[in-house]
file start_15.cif (mmCIF, C-alpha atoms)
data_model
loop_
_atom_site.label_atom_id
_atom_site.label_comp_id
_atom_site.auth_asym_id
_atom_site.auth_seq_id
_atom_site.Cartn_x
_atom_site.Cartn_y
_atom_site.Cartn_z
CA MET A 875 49.20 83.09 139.08
CA TYR A 876 46.03 82.90 141.16
CA LYS A 877 42.88 80.78 141.06
CA SER A 878 40.99 83.22 138.80
CA GLU A 879 43.70 83.03 136.14
CA LEU A 880 43.79 79.23 136.29
CA ASP A 881 39.99 79.15 135.92
CA LYS A 882 40.26 81.23 132.74
CA HIS A 883 42.83 78.82 131.29
CA ILE A 884 40.52 75.91 132.12
CA GLN A 885 37.59 77.65 130.41
CA ASN A 886 39.70 78.50 127.36
CA SER A 887 41.37 75.06 127.15
CA SER A 888 44.76 76.78 127.29
CA LEU A 889 46.28 74.81 130.16
CA SER A 890 49.88 73.73 130.45
CA ASN A 891 50.54 70.06 131.24
CA SER A 892 52.50 70.68 134.44
CA PHE A 893 51.34 72.47 137.58
CA VAL A 894 52.72 73.60 140.93
CA LEU A 895 49.85 74.20 143.36
CA PHE A 896 50.44 75.82 146.77
CA GLY A 897 49.00 78.36 149.19
CA GLU A 898 46.85 78.73 152.27
CA SER A 899 43.83 76.65 151.17
CA SER A 900 44.41 72.90 151.34
CA PHE A 901 40.82 72.44 150.20
CA LEU A 902 41.40 74.27 146.91
CA ILE A 903 44.77 72.57 146.37
CA ASP A 904 43.01 69.20 146.75
CA ARG A 905 40.12 70.25 144.52
CA TYR A 906 42.29 71.44 141.64
CA THR A 907 44.76 68.57 141.95
CA LYS A 908 41.88 66.18 141.38
CA LEU A 909 40.48 68.29 138.53
CA LEU A 910 43.80 68.64 136.67
CA SER A 911 44.88 65.01 137.09
CA ASN A 912 41.53 63.33 136.41
CA ILE A 913 42.30 62.19 132.86
CA ALA A 914 40.93 58.97 131.39
CA ASP A 915 43.08 56.26 129.78
CA THR A 916 46.36 57.23 131.40
CA SER A 917 48.97 55.54 133.53
CA ALA A 918 48.78 57.39 136.85
CA LEU A 919 51.31 57.47 139.68
CA LEU A 920 50.46 59.21 142.95
CA PHE A 921 52.88 59.96 145.80
CA TYR A 922 51.46 60.95 149.21
CA HIS A 923 53.73 63.01 151.46
CA ASP A 924 56.71 60.85 152.55
CA GLU A 925 56.19 58.34 149.72
CA TYR A 926 57.83 60.59 147.11
CA ASN A 927 60.74 59.03 145.28
CA TYR A 928 62.48 61.08 142.64
CA ASN A 929 63.84 58.17 140.60
CA SER A 930 60.42 56.50 140.41
CA ALA A 931 58.75 59.79 139.48
CA LYS A 932 61.31 60.49 136.75
CA ALA A 933 61.06 56.93 135.42
CA HIS A 934 57.28 57.20 135.22
CA LEU A 935 57.37 60.28 133.00
CA SER A 936 60.39 59.07 131.02
CA GLN A 937 58.69 55.78 130.23
CA ALA A 938 55.82 57.65 128.63
CA SER A 939 58.18 59.48 126.30
CA LEU A 940 59.83 56.19 125.28
CA PHE A 941 56.68 54.19 124.58
CA GLY A 942 54.20 56.90 123.65
CA ASP A 943 51.90 56.28 126.62
CA ARG A 944 50.02 59.02 128.48
CA SER A 945 51.30 59.35 132.03
CA VAL A 946 50.00 61.35 134.98
CA LEU A 947 52.25 62.06 137.94
CA VAL A 948 50.89 63.59 141.16
CA ILE A 949 53.00 64.49 144.18
CA LYS A 950 51.22 65.59 147.37
CA SER A 951 53.57 66.72 150.10
CA GLU A 952 53.95 69.06 153.06
CA LYS A 953 57.72 68.91 152.49
CA LYS A 954 59.33 70.83 149.67
CA VAL A 955 60.58 68.82 146.71
CA ALA A 956 64.03 69.95 145.54
CA LYS A 957 63.85 72.63 142.86
CA ASN A 958 66.26 70.83 140.51
CA GLU A 959 64.12 67.67 140.69
CA LEU A 960 60.95 69.63 139.92
CA ASP A 961 62.71 71.29 136.98
CA ILE A 962 63.55 67.91 135.47
CA LEU A 963 60.03 66.53 135.98
CA ILE A 964 58.59 69.67 134.36
CA ASP A 965 61.05 69.37 131.46
CA LEU A 966 59.89 65.79 130.86
CA CYS A 967 56.38 67.19 130.45
CA GLN A 968 57.62 69.80 127.99
CA LYS A 969 59.27 67.07 125.90
CA ASN A 970 56.10 64.96 125.87
CA LYS A 971 52.84 66.94 125.82
CA ASP A 972 50.91 63.76 126.68
CA ASN A 973 52.45 63.80 130.16
CA VAL A 974 50.67 65.55 133.04
CA PHE A 975 52.45 66.49 136.26
CA VAL A 976 50.81 68.04 139.33
CA TYR A 977 52.89 68.96 142.38
CA ALA A 978 50.58 69.83 145.30
CA TYR A 979 52.57 71.50 148.08
CA TYR A 980 50.73 71.76 151.42
CA GLY A 981 53.52 73.41 153.41
CA SER A 982 53.63 76.99 154.64
CA ASP A 983 56.62 78.31 152.65
CA HIS A 984 54.58 80.00 149.94
CA LYS A 985 57.32 82.36 148.76
CA THR A 986 59.46 79.54 147.41
CA TYR A 987 57.15 78.71 144.50
CA ALA A 988 55.71 82.17 143.77
CA ASN A 989 58.17 82.96 140.95
CA ALA A 990 60.35 79.87 140.91
CA PHE A 991 59.16 78.62 137.52
CA ALA A 992 58.73 81.85 135.60
CA LYS A 993 61.02 80.60 132.83
CA LYS A 994 59.29 77.23 132.59
CA ASN A 995 56.20 76.31 130.63
CA THR A 996 54.38 75.36 133.80
CA MET A 997 51.55 76.91 135.79
CA SER A 998 52.43 77.85 139.36
CA VAL A 999 49.22 78.69 141.24
CA ARG A 1000 48.74 80.08 144.74
CA PHE A 1001 45.39 79.39 146.43
CA PHE A 1002 44.10 81.63 149.20
CA HIS A 1003 41.27 80.72 151.56
CA PRO A 1004 38.01 81.35 149.69
CA ASN A 1005 36.19 84.52 150.73
CA HIS A 1006 32.47 84.28 151.42
CA HIS A 1007 31.50 84.99 147.81
CA ASP A 1008 33.90 82.35 146.45
CA ALA A 1009 32.83 79.84 149.10
CA LEU A 1010 29.18 80.34 148.12
CA GLY A 1011 30.05 79.72 144.47
CA ILE A 1012 32.04 76.56 145.25
CA ILE A 1013 29.31 75.03 147.39
CA LEU A 1014 26.57 76.07 144.95
CA GLN A 1015 28.50 74.35 142.14
CA GLU A 1016 28.97 71.29 144.35
CA ALA A 1017 25.22 71.22 144.98
CA GLN A 1018 24.46 71.48 141.26
CA ASP A 1019 26.93 68.69 140.47
CA LYS A 1020 25.29 66.47 143.12
CA ASN A 1021 21.71 67.46 142.10
CA VAL A 1022 21.04 68.95 145.53
CA LYS A 1023 18.45 71.74 145.65
CA ILE A 1024 19.61 74.49 148.00
CA ASP A 1025 19.60 78.30 147.78
CA LYS A 1026 22.34 80.78 148.64
CA TYR A 1027 20.75 81.77 151.95
CA SER A 1028 20.76 78.14 153.14
CA ILE A 1029 24.36 77.72 151.95
CA THR A 1030 25.34 80.78 153.99
CA HIS A 1031 23.65 79.19 157.01
CA LEU A 1032 25.57 75.96 156.38
CA LEU A 1033 28.86 77.87 156.15
CA ASN A 1034 28.12 79.69 159.40
CA ILE A 1035 27.45 76.37 161.16
CA HIS A 1036 30.87 75.15 160.05
CA ASN A 1037 32.55 78.48 160.78
CA GLY A 1038 33.27 79.14 157.09
CA ASP A 1039 34.91 75.76 156.46
CA VAL A 1040 34.25 75.03 152.77
CA ALA A 1041 35.46 71.43 152.94
CA LEU A 1042 33.08 70.50 155.76
CA SER A 1043 30.22 72.29 154.01
CA CYS A 1044 30.86 70.40 150.76
CA ASN A 1045 30.84 67.13 152.71
CA GLU A 1046 27.38 68.02 154.01
CA ILE A 1047 26.17 68.68 150.45
CA ASP A 1048 27.17 65.11 149.58
CA LYS A 1049 25.02 63.83 152.47
CA PHE A 1050 22.01 65.86 151.27
CA ARG A 1051 21.87 63.86 148.02
CA VAL A 1052 19.52 61.32 149.56
CA TYR A 1053 16.80 63.95 150.14
CA ASP A 1054 14.49 64.51 147.18
CA LYS A 1055 13.52 68.05 148.15
CA GLU A 1056 14.96 71.51 148.54
CA ILE A 1057 17.22 71.80 151.58
CA THR A 1058 16.20 74.62 153.93
CA THR A 1059 17.91 76.20 156.93
CA LYS A 1060 15.60 74.17 159.18
CA ASP A 1061 16.74 70.96 157.45
CA ILE A 1062 20.36 71.99 157.96
CA ASP A 1063 19.79 72.57 161.68
CA ASN A 1064 18.18 69.14 161.99
CA LEU A 1065 20.60 67.17 159.81
CA VAL A 1066 24.02 68.71 160.31
CA PHE A 1067 26.23 67.79 163.22
CA GLY A 1068 28.82 70.48 163.39
CA LEU A 1069 29.42 73.68 165.20
CA ALA A 1070 25.66 73.99 165.67
CA GLU A 1071 25.96 71.54 168.59
CA ILE A 1072 29.50 72.23 169.68
CA ASN A 1073 29.92 75.88 168.80
CA ILE A 1074 33.47 77.12 168.50
CA GLU A 1075 32.16 80.69 168.45
CA ASP A 1076 30.86 80.24 171.99
CA LEU A 1077 34.35 79.13 173.02
CA ILE A 1078 35.87 82.18 171.34
CA LYS A 1079 33.45 84.52 173.13
CA LYS A 1080 34.40 83.00 176.49
CA ILE A 1081 38.07 83.51 175.71
CA LEU A 1082 37.55 87.14 174.65
CA HIS A 1083 35.37 87.88 177.69
CA LYS A 1084 38.13 86.40 179.89
CA LYS A 1085 35.89 83.60 181.21
CA ASP A 1086 36.89 80.01 181.99
CA PHE A 1087 36.96 78.16 178.66
CA LYS A 1088 38.62 74.82 179.45
CA SER A 1089 35.44 72.70 179.60
CA ASP A 1090 34.22 74.05 176.24
CA LEU A 1091 37.65 73.53 174.72
CA HIS A 1092 37.74 69.91 175.90
CA ASN A 1093 34.33 69.20 174.35
CA ILE A 1094 35.27 70.78 171.04
CA LEU A 1095 38.56 68.89 170.80
CA GLU A 1096 36.77 65.69 171.81
CA HIS A 1097 34.00 65.88 169.24
CA ALA A 1098 34.60 68.36 166.43
CA GLU A 1099 37.90 70.12 165.98
CA ASP A 1100 41.67 69.85 166.30
CA GLU A 1101 44.05 72.27 168.01
CA ILE A 1102 45.16 74.05 164.84
CA ARG A 1103 41.56 74.60 163.75
CA VAL A 1104 40.77 76.26 167.10
CA VAL A 1105 43.69 78.67 166.64
CA THR A 1106 42.78 79.51 163.04
CA ALA A 1107 39.11 80.00 164.00
CA LEU A 1108 40.12 82.43 166.75
CA THR A 1109 42.45 84.24 164.35
CA THR A 1110 39.66 84.56 161.77
CA TYR A 1111 37.22 85.83 164.41
CA LEU A 1112 39.69 88.44 165.66
CA THR A 1113 40.36 89.55 162.09
CA GLN A 1114 36.62 90.13 161.64
CA LEU A 1115 36.48 92.11 164.89
CA TYR A 1116 39.41 94.23 163.77
CA MET A 1117 37.63 94.94 160.48
CA PHE A 1118 34.57 96.02 162.46
CA ASN A 1119 36.78 98.18 164.69
CA ILE A 1120 38.40 100.00 161.77
CA TYR A 1121 35.14 100.43 159.84
CA ILE A 1122 33.32 101.88 162.87
CA ARG A 1123 36.17 104.28 163.63
CA VAL A 1124 36.06 105.57 160.05
CA ASN A 1125 32.30 105.52 159.40
CA GLY A 1126 30.77 105.74 162.87
CA THR A 1127 28.61 102.63 162.50
CA ALA A 1128 28.92 99.00 161.36
CA ASN A 1129 27.79 97.67 157.97
CA ALA A 1130 28.04 93.87 157.75
CA LEU A 1131 27.66 93.78 153.97
CA GLU A 1132 30.67 96.06 153.47
CA ILE A 1133 32.74 94.54 156.28
CA LEU A 1134 32.03 90.83 155.77
CA GLY A 1135 30.79 90.78 152.19
CA TYR A 1136 27.39 89.36 153.15
CA PRO A 1137 24.41 90.49 155.27
CA ALA A 1138 24.14 89.31 158.86
CA PRO A 1139 21.35 89.49 161.45
CA LYS A 1140 21.24 92.76 163.39
CA PHE A 1141 21.93 91.10 166.74
CA VAL A 1142 25.09 89.51 165.32
CA VAL A 1143 26.29 92.82 163.88
CA ASP A 1144 25.57 94.69 167.13
CA GLU A 1145 27.35 92.06 169.21
CA LYS A 1146 30.48 92.04 167.04
CA ALA A 1147 30.53 95.82 166.79
CA ALA A 1148 30.40 96.23 170.59
CA LEU A 1149 33.04 93.56 171.18
CA SER A 1150 35.35 94.94 168.48
CA LEU A 1151 35.59 98.33 170.22
CA LYS A 1152 36.72 96.77 173.51
CA PHE A 1153 40.23 96.23 172.13
CA LYS A 1154 42.79 98.71 170.85
CA PRO A 1155 44.57 98.22 167.49
CA HIS A 1156 47.82 97.38 169.29
CA THR A 1157 46.04 94.57 171.17
CA TYR A 1158 44.78 93.11 167.88
CA TYR A 1159 48.33 93.20 166.56
CA LYS A 1160 49.71 91.38 169.63
CA LEU A 1161 46.94 88.77 169.53
CA HIS A 1162 47.48 88.01 165.85
CA GLU A 1163 51.23 87.77 166.40
CA LEU A 1164 50.69 85.32 169.28
CA LEU A 1165 48.19 83.14 167.36
CA LEU A 1166 50.18 82.99 164.13
CA ASP A 1167 53.30 82.00 166.06
CA ALA A 1168 51.32 79.26 167.85
CA GLU A 1169 49.92 77.94 164.55
CA LEU A 1170 53.41 77.76 163.08
CA LYS A 1171 54.70 75.84 166.12
CA MET A 1172 51.78 73.40 165.97
CA LYS A 1173 52.54 72.54 162.36
CA SER A 1174 55.98 71.25 163.35
CA SER A 1175 56.26 67.48 163.79
CA GLY A 1176 56.46 65.89 167.23
CA ILE A 1177 54.94 68.89 169.01
CA ASP A 1178 52.44 68.68 171.89
CA LYS A 1179 49.73 70.76 170.22
CA TYR A 1180 47.38 70.72 173.18
CA SER A 1181 49.97 72.23 175.53
CA ILE A 1182 50.78 74.96 173.01
CA LEU A 1183 47.06 75.68 172.56
CA ILE A 1184 46.31 75.99 176.28
CA SER A 1185 49.36 78.18 176.83
CA THR A 1186 48.44 80.39 173.86
CA LEU A 1187 44.83 80.91 174.96
CA ILE A 1188 45.86 81.80 178.51
CA ARG A 1189 48.42 84.28 177.16
CA ALA A 1190 45.76 85.70 174.83
CA GLN A 1191 43.45 86.38 177.77
CA LYS A 1192 46.29 88.19 179.58
CA LEU A 1193 46.67 90.51 176.57
CA LEU A 1194 42.99 91.50 176.66
#

call {"tool": "encode", "arguments": {"input": "start_15.cif", "output": "structure tokens"}}
result
Amino acid sequence: MYKSELDKHIQNSSLSNSFVLFGESSFLIDRYTKLLSNIADTSALLFYHDEYNYNSAKAHLSQASLFGDRSVLVIKSEKKVAKNELDILIDLCQKNKDNVFVYAYYGSDHKTYANAFAKKNTMSVRFFHPNHHDALGIILQEAQDKNVKIDKYSITHLLNIHNGDVALSCNEIDKFRVYDKEITTKDIDNLVFGLAEINIEDLIKKILHKKDFKSDLHNILEHAEDEIRVVTALTTYLTQLYMFNIYIRVNGTANALEILGYPAPKFVVDEKAALSLKFKPHTYYKLHELLLDAELKMKSSGIDKYSILISTLIRAQKLL
């Protein structure tokens, strides 16, 4: 299932007591892991990444069934837990409805868990990166929960500063709690240290215009971002340009609301529209293939991410 279906089960109080959470959005996996496992008066056991131990996990849930206690088990891992072990942990939850088990998988093999538990009474949920509308809703809810006064326009500005990163934007909302007034775009510009000062979009424009980018890249890696984030930001930007390219070819002109899902200033729309038409569809395909391959390599352990990043960006400029 997807996030929308899980939300309906939460609203209707029709949740299972075991969950397998996976997908592209680590932020949403974290958010829902916390939500589903935050139960008062329980014995909780949490395994982070390499800490997972099957015997301890099984004993924790089995003990609850023996003594009638409520137990919560959470496993957070980038490595896949064996299917037969997950089946047993899920079965222990079926035998004792007071148990709660959340397996949060942060790896990239999303196909493994898509239909793996169809015959089990568990909820397997895939989380995609929030689109702009969903991101607005998440941050607006975060602001309401923290009693921060901020409107949708200012939230959009905050998202743009952090290049659409919902997690970073939510962290800023937490900082705004100390201000007993409505937060405006001017406040955000003054208070937020993010891509407003070290702008990853400026780096991307230099790359796409085949200019020297190494000094900007060094500053961004030094102060704001990591190598994987630079690659994903460039991939996202190119995807937007490709959407502009296709829309203009079909309709003759750009419409930010239909392309991006939200209005954008005219100068931004004009700039992206002009840049999008500089590249042919085949070039977009080659660039995406290059960037996705680089991201996959970077996520392997023991890899020199910086070397892969530099090599990838130089190769990207040669494709332009």

call {"tool": "resolve_selection", "arguments": {"input": "start_15.cif", "expression": "the PyMOL selection byres ((chain A and resi 1160) around 12)", "output": "PyMOL selection string"}}
result
chain A and resi 1109+1112+1153-1159+1161-1167+1186+1189-1194

call {"tool": "residues_around", "arguments": {"input": "start_15.cif", "residues": "stretch 896-905 of chain A", "least_positions_apart": "4", "cutoff": "7 Å", "atoms": "all atoms listed in the file", "output": "ChimeraX atom specification"}}
result
/A:909,978-980,984,999-1003,1041

call {"tool": "resolve_selection", "arguments": {"input": "start_15.cif", "expression": "the PyMOL selection byres ((chain A and resi 931-938) around 12)", "output": "JSON, numbers by chain"}}
result
{"A": [892, 916, 917, 918, 919, 920, 921, 925, 926, 927, 928, 929, 930, 939, 940, 941, 942, 943, 944, 945, 946, 947, 948, 949, 955, 959, 960, 961, 962, 963, 964, 965, 966, 967, 968, 969, 970, 971, 972, 973, 974, 975, 976, 977]}

call {"tool": "write_last_selection", "arguments": {"input": "start_15.cif", "atoms": "C-alpha atoms", "output": "tab-separated table (two decimals), keeping the file's coordinate frame"}}
result
chain	number	residue	atom	x	y	z
A	892	SER	CA	52.50	70.68	134.44
A	916	THR	CA	46.36	57.23	131.40
A	917	SER	CA	48.97	55.54	133.53
A	918	ALA	CA	48.78	57.39	136.85
A	919	LEU	CA	51.31	57.47	139.68
A	920	LEU	CA	50.46	59.21	142.95
A	921	PHE	CA	52.88	59.96	145.80
A	925	GLU	CA	56.19	58.34	149.72
A	926	TYR	CA	57.83	60.59	147.11
A	927	ASN	CA	60.74	59.03	145.28
A	928	TYR	CA	62.48	61.08	142.64
A	929	ASN	CA	63.84	58.17	140.60
A	930	SER	CA	60.42	56.50	140.41
A	939	SER	CA	58.18	59.48	126.30
A	940	LEU	CA	59.83	56.19	125.28
A	941	PHE	CA	56.68	54.19	124.58
A	942	GLY	CA	54.20	56.90	123.65
A	943	ASP	CA	51.90	56.28	126.62
A	944	ARG	CA	50.02	59.02	128.48
A	945	SER	CA	51.30	59.35	132.03
A	946	VAL	CA	50.00	61.35	134.98
A	947	LEU	CA	52.25	62.06	137.94
A	948	VAL	CA	50.89	63.59	141.16
A	949	ILE	CA	53.00	64.49	144.18
A	955	VAL	CA	60.58	68.82	146.71
A	959	GLU	CA	64.12	67.67	140.69
A	960	LEU	CA	60.95	69.63	139.92
A	961	ASP	CA	62.71	71.29	136.98
A	962	ILE	CA	63.55	67.91	135.47
A	963	LEU	CA	60.03	66.53	135.98
A	964	ILE	CA	58.59	69.67	134.36
A	965	ASP	CA	61.05	69.37	131.46
A	966	LEU	CA	59.89	65.79	130.86
A	967	CYS	CA	56.38	67.19	130.45
A	968	GLN	CA	57.62	69.80	127.99
A	969	LYS	CA	59.27	67.07	125.90
A	970	ASN	CA	56.10	64.96	125.87
A	971	LYS	CA	52.84	66.94	125.82
A	972	ASP	CA	50.91	63.76	126.68
A	973	ASN	CA	52.45	63.80	130.16
A	974	VAL	CA	50.67	65.55	133.04
A	975	PHE	CA	52.45	66.49	136.26
A	976	VAL	CA	50.81	68.04	139.33
A	977	TYR	CA	52.89	68.96	142.38

call {"tool": "atom_distance", "arguments": {"input": "start_15.cif", "atom1": "atom CA of A:Asn891", "atom2": "atom CA of A:Gly981"}}
result
22.6 Å

call {"tool": "resolve_selection", "arguments": {"input": "start_15.cif", "expression": "the PyMOL selection byres ((chain A and resi 1125-1134) around 12)", "output": "PDB file with C-alpha atoms, keeping the file's coordinate frame"}}
result
ATOM      1  CA  ASN A1005      36.190  84.520 150.730  1.00  0.00           C
ATOM      2  CA  HIS A1006      32.470  84.280 151.420  1.00  0.00           C
ATOM      3  CA  HIS A1007      31.500  84.990 147.810  1.00  0.00           C
ATOM      4  CA  GLY A1038      33.270  79.140 157.090  1.00  0.00           C
ATOM      5  CA  THR A1110      39.660  84.560 161.770  1.00  0.00           C
ATOM      6  CA  TYR A1111      37.220  85.830 164.410  1.00  0.00           C
ATOM      7  CA  THR A1113      40.360  89.550 162.090  1.00  0.00           C
ATOM      8  CA  GLN A1114      36.620  90.130 161.640  1.00  0.00           C
ATOM      9  CA  LEU A1115      36.480  92.110 164.890  1.00  0.00           C
ATOM     10  CA  TYR A1116      39.410  94.230 163.770  1.00  0.00           C
ATOM     11  CA  MET A1117      37.630  94.940 160.480  1.00  0.00           C
ATOM     12  CA  PHE A1118      34.570  96.020 162.460  1.00  0.00           C
ATOM     13  CA  ASN A1119      36.780  98.180 164.690  1.00  0.00           C
ATOM     14  CA  ILE A1120      38.400 100.000 161.770  1.00  0.00           C
ATOM     15  CA  TYR A1121      35.140 100.430 159.840  1.00  0.00           C
ATOM     16  CA  ILE A1122      33.320 101.880 162.870  1.00  0.00           C
ATOM     17  CA  ARG A1123      36.170 104.280 163.630  1.00  0.00           C
ATOM     18  CA  VAL A1124      36.060 105.570 160.050  1.00  0.00           C
ATOM     19  CA  GLY A1135      30.790  90.780 152.190  1.00  0.00           C
ATOM     20  CA  TYR A1136      27.390  89.360 153.150  1.00  0.00           C
ATOM     21  CA  PRO A1137      24.410  90.490 155.270  1.00  0.00           C
ATOM     22  CA  ALA A1138      24.140  89.310 158.860  1.00  0.00           C
ATOM     23  CA  PRO A1139      21.350  89.490 161.450  1.00  0.00           C
ATOM     24  CA  LYS A1140      21.240  92.760 163.390  1.00  0.00           C
ATOM     25  CA  PHE A1141      21.930  91.100 166.740  1.00  0.00           C
ATOM     26  CA  VAL A1142      25.090  89.510 165.320  1.00  0.00           C
ATOM     27  CA  VAL A1143      26.290  92.820 163.880  1.00  0.00           C
ATOM     28  CA  ASP A1144      25.570  94.690 167.130  1.00  0.00           C
ATOM     29  CA  GLU A1145      27.350  92.060 169.210  1.00  0.00           C
ATOM     30  CA  LYS A1146      30.480  92.040 167.040  1.00  0.00           C
ATOM     31  CA  ALA A1147      30.530  95.820 166.790  1.00  0.00           C
ATOM     32  CA  ALA A1148      30.400  96.230 170.590  1.00  0.00           C
ATOM     33  CA  LEU A1149      33.040  93.560 171.180  1.00  0.00           C
ATOM     34  CA  SER A1150      35.350  94.940 168.480  1.00  0.00           C
ATOM     35  CA  LEU A1151      35.590  98.330 170.220  1.00  0.00           C
TER      36      LEU A1151
END

call {"tool": "residues_around", "arguments": {"input": "start_15.cif", "residues": "A:Thr996", "least_positions_apart": "2", "cutoff": "6 Å", "atoms": "all atoms listed in the file", "output": "list in words"}}
result
Ser890, Ser892, Phe893 and Lys994 of chain A

call {"tool": "closest_residue", "arguments": {"input": "start_15.cif", "among": "A:Asn1037, A:Asn989, A:Asn912, A:Ser878", "to": "A:Val894", "atoms": "all atoms listed in the file"}}
result
A:Asn989

call {"tool": "residues_around", "arguments": {"input": "start_15.cif", "residues": "A:Thr1030", "least_positions_apart": "2", "cutoff": "10 Å", "atoms": "all atoms listed in the file", "output": "PyMOL selection string"}}
result
chain A and resi 1006-1007+1009-1010+1013+1025-1028+1032-1036+1038+1043+1059+1136-1138

call {"tool": "atom_distance", "arguments": {"input": "start_15.cif", "atom1": "atom CA of A:Thr986", "atom2": "atom CA of A:Ser1174"}}
result
18.3 Å

call {"tool": "residues_around", "arguments": {"input": "start_15.cif", "residues": "A:Lys1171", "least_positions_apart": "4", "cutoff": "12 Å", "atoms": "all atoms listed in the file", "output": "PyMOL selection string"}}
result
chain A and resi 982+1101-1102+1105+1164-1167+1175-1183+1186

call {"tool": "atom_distance", "arguments": {"input": "start_15.cif", "atom1": "atom CA of A:His923", "atom2": "atom CA of A:Lys993"}}
result
26.6 Å

call {"tool": "closest_residue", "arguments": {"input": "start_15.cif", "among": "A:Lys908, A:Lys953, A:Ile884, A:Asn958", "to": "A:Asp983", "atoms": "all atoms listed in the file"}}
result
A:Lys953

call {"tool": "axis_aligned_box", "arguments": {"input": "start_15.cif", "around": "stretch 1042-1054 of chain A", "padding_each_side": "3 Å", "output": "lines of an AutoDock Vina configuration file"}}
result
center_x = 23.8
center_y = 66.8
center_z = 151.5
size_x = 24.6
size_y = 17.0
size_z = 14.6
